[in-house]
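*Asks:* Below: one structure in structure tokens.
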Amino acid sequence: SYDIYKGTAGNAIFVTGLLGCAVCIHMDLLYSLINFAGFTALFHLWTMEAYDFSYLWNCILAMFVALLICYSRFRYTVTDILNQQEILRINNRLIEEKEKLDLNLKKYKYILSQTNNIIFDWNVEQDIVDFSDKWSQTFDLPSHITAFSQWFETTTVLSEETKKQLKQQLSYAAAGKGQVETEVSLNDKNGFCTWFLLQFVFLRDSDGQIKTGLGYLTDINRHKKEVIQLENWGKTDALTGLLNRGAMEGYMRTRVKKIGPKDMLVMLIIDVDNF
């Protein structure tokens with residue numbers, strides 16, 4: 001407020017609130033300028049008799065402050081609009097990326113449903129393993145297993161010898177000595193032994209810490225049976241069905257290696273001529 005006029009009749013003071021135009025910060029820019037210009041003109045008409053240098057200086061200063069406020073309001077509005085547009089663009093990109101991700105997940109699930117491999121992901125930090133649907137179909141077990149380390153110790157799907165073998169290979173892989181690739185026998189939901197090729201690798205973060213593990217089981221049961229059958233054919237005599245000479249020699253070497261200091265091995269060999 002400015003005390004700019006005193007009447008001749010006494011100490012009557014004419015008070016105006018020129019800086020009240022600062023409320024224009026809550027108005028649109030065009031409306032605030034028109035409002036400011038109109039009331040400034042009326043103010044000048046009412047106070048023409050009191051014009052002096054100090055009055056003009058105060059008016060100029062007040063106008064400058066008001067214009068500065070209006071300009072700040074304009075810049076704030078423009079910046080706010082630009083920020084909203086940028087947020088809208090970011091949201092649109094996120095929606096597009098989400099749609100692409102959903103599509104990729106559908107493709108991934110379809111590929112998993114068409115393969116005979118059992119794919120699994122081991123979250124090492126949380127000790128949780130997620131298997132593909134083929135796991136449940138083959139072993140009648142849940143595809144999501146929590147406390148996997150404890151489950152591994154108590155499950156009957158793996159034999160104790162297989163558990164020991166896997167523990168050793170997983171330790172080597174965790175120490176950075178390559179990935180796991182071995183043949184394992186698992187008991188399916190009917191209790192039959194089924195052979196799988198296990199391939200597994202640990203994934204590490206930028207600090208070299210193990211975060212997760214990824215692997216898959218390939219059914220090689222048919223191939224394994226064919227190999228065993230071929231090995232049996234190579235060790236037996238086609239006419240009698242007994243072990244041939246090579247198989248007997250291999251059997252003898254194996255038995256000799258297992259003999260202890262106090263053990264005795266006796267073998268009877270009968271050679272039939274002109275059979």
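Residues are referred to by chain and number: the chain letter is A, B, ... according to the order shown in the structure tokens, the number counts from 1 in that chain, and ligands are numbered separately from 1 in the order shown.
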Write out as a list in words the set of residues from range 61-190 of chain A that DSSP, computed on the backbone, places in strand (DSSP E).
*Replies:* Ile118, Ile119, Phe120, Asp121, Trp122, Asn123, Ile128, Val129, Asp130, Phe131, His144, Ile145, Thr146, Val180, Glu181, Thr182, Glu183, Val184, Ser185, Leu186 and Asn187 of chain A
*Asks:* Please write the residues from the selection above to a file, keeping N, CA, C and O atoms, as a compact mmCIF listing (two decimals), in the first residue's frame.
*Replies:*
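Final output, saved to again33.txt:
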# COMPACT_ATOMS: atom_id res chain seq x y z
N ILE A 118 12.77 -79.79 -19.44
CA ILE A 118 12.29 -79.21 -18.18
C ILE A 118 13.22 -78.05 -17.85
O ILE A 118 14.38 -78.26 -17.51
N ILE A 119 12.72 -76.83 -17.95
CA ILE A 119 13.53 -75.64 -17.70
C ILE A 119 13.24 -75.14 -16.28
O ILE A 119 12.09 -75.14 -15.84
N PHE A 120 14.28 -74.74 -15.58
CA PHE A 120 14.09 -74.27 -14.20
C PHE A 120 15.00 -73.09 -13.91
O PHE A 120 16.07 -72.93 -14.52
N ASP A 121 14.55 -72.27 -12.98
CA ASP A 121 15.25 -71.06 -12.55
C ASP A 121 15.40 -71.11 -11.04
O ASP A 121 14.40 -71.20 -10.32
N TRP A 122 16.63 -71.04 -10.56
CA TRP A 122 16.92 -71.13 -9.12
C TRP A 122 17.32 -69.76 -8.60
O TRP A 122 18.38 -69.24 -8.94
N ASN A 123 16.46 -69.15 -7.78
CA ASN A 123 16.78 -67.91 -7.10
C ASN A 123 17.62 -68.26 -5.86
O ASN A 123 17.08 -68.68 -4.84
N ILE A 128 14.60 -70.36 -3.94
CA ILE A 128 13.33 -70.74 -4.57
C ILE A 128 13.63 -71.20 -5.99
O ILE A 128 14.41 -70.57 -6.71
N VAL A 129 12.99 -72.29 -6.39
CA VAL A 129 13.16 -72.82 -7.74
C VAL A 129 11.80 -72.88 -8.43
O VAL A 129 10.82 -73.36 -7.85
N ASP A 130 11.76 -72.38 -9.65
CA ASP A 130 10.55 -72.44 -10.48
C ASP A 130 10.85 -73.32 -11.69
O ASP A 130 11.80 -73.05 -12.44
N PHE A 131 10.02 -74.37 -11.86
CA PHE A 131 10.16 -75.29 -12.98
C PHE A 131 9.09 -75.00 -14.02
O PHE A 131 8.05 -74.42 -13.73
N HIS A 144 6.66 -74.79 -8.26
CA HIS A 144 7.27 -73.73 -7.44
C HIS A 144 7.67 -74.35 -6.10
O HIS A 144 6.83 -74.78 -5.32
N ILE A 145 8.97 -74.41 -5.85
CA ILE A 145 9.48 -75.06 -4.64
C ILE A 145 10.25 -74.03 -3.83
O ILE A 145 11.24 -73.45 -4.30
N THR A 146 9.79 -73.78 -2.61
CA THR A 146 10.51 -72.92 -1.68
C THR A 146 11.43 -73.77 -0.81
O THR A 146 11.25 -74.98 -0.70
N VAL A 180 27.57 -76.97 -15.02
CA VAL A 180 27.26 -78.36 -14.73
C VAL A 180 26.67 -79.01 -15.99
O VAL A 180 25.75 -78.46 -16.58
N GLU A 181 27.21 -80.14 -16.37
CA GLU A 181 26.67 -80.92 -17.48
C GLU A 181 26.92 -82.40 -17.16
O GLU A 181 28.05 -82.88 -17.25
N THR A 182 25.87 -83.07 -16.79
CA THR A 182 26.01 -84.46 -16.37
C THR A 182 24.70 -85.22 -16.59
O THR A 182 23.64 -84.61 -16.75
N GLU A 183 24.80 -86.54 -16.61
CA GLU A 183 23.62 -87.39 -16.72
C GLU A 183 23.16 -87.79 -15.33
O GLU A 183 23.97 -88.20 -14.50
N VAL A 184 21.87 -87.64 -15.09
CA VAL A 184 21.30 -87.98 -13.78
C VAL A 184 20.08 -88.87 -13.97
O VAL A 184 19.37 -88.76 -14.97
N SER A 185 19.86 -89.74 -13.02
CA SER A 185 18.67 -90.59 -13.03
C SER A 185 17.70 -90.09 -11.97
O SER A 185 18.08 -89.90 -10.81
N LEU A 186 16.45 -89.88 -12.37
CA LEU A 186 15.41 -89.38 -11.47
C LEU A 186 14.24 -90.35 -11.49
O LEU A 186 13.94 -90.97 -12.51
N ASN A 187 13.58 -90.47 -10.34
CA ASN A 187 12.42 -91.35 -10.23
C ASN A 187 11.16 -90.55 -10.58
O ASN A 187 10.84 -89.56 -9.92
*Asks:* Would you please extract all alpha helix (DSSP H) residues from range 137-212 of chain A, as assigned by DSSP on the backbone, and give them as a VMD selection string?
*Replies:* chain A and resid 137 to 139 148 to 154 160 to 174
*Asks:* Please identify all polymer residues within 12 Å of Gly246 in chain A, counting only C-alpha atoms, omitting same-chain residues fewer than 5 positions from it, and present them as a PyMOL selection string.
*Replies:* chain A and resi 231-237+251-253
*Asks:* Each residue of range 123-177 of chain A with at least one atom at most 8 Å from range 195-212 of chain A should appear once, together with its nearest atom pair and the corresponding distance in Å (one decimal); atoms considered: only C-alpha atoms; ordering: chain, then increasing residue number; output as CSV.
*Replies:*
residue,atom,partner,partner_atom,distance
A:Asn123,CA,A:Thr212,CA,4.6
A:Val124,CA,A:Thr212,CA,5.1
A:Glu125,CA,A:Lys211,CA,6.2
A:Ala173,CA,A:Phe202,CA,7.1
A:Ala174,CA,A:Phe202,CA,6.8
*Asks:* Counting only C-alpha atoms, what is within 9 Å of range 149-153 of chain A, bar same-chain residues fewer than 4 positions away, as a compact mmCIF listing (two decimals) with C-alpha atoms, in the first residue's frame?
*Replies:*
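The resulting around.txt:
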# COMPACT_ATOMS: atom_id res chain seq x y z
CA ASP A 127 16.36 -70.39 -2.27
CA ILE A 128 13.33 -70.74 -4.57
CA ILE A 145 9.48 -75.06 -4.64
CA VAL A 157 13.30 -88.24 -6.65
CA LEU A 158 17.10 -88.35 -6.45
CA GLU A 160 21.79 -90.50 -2.45
CA LYS A 163 22.74 -86.10 -4.68
*Asks:* CA of His223 in chain A and CA of Gln137 in chain A are how many Å apart?
*Replies:* 20.7 Å
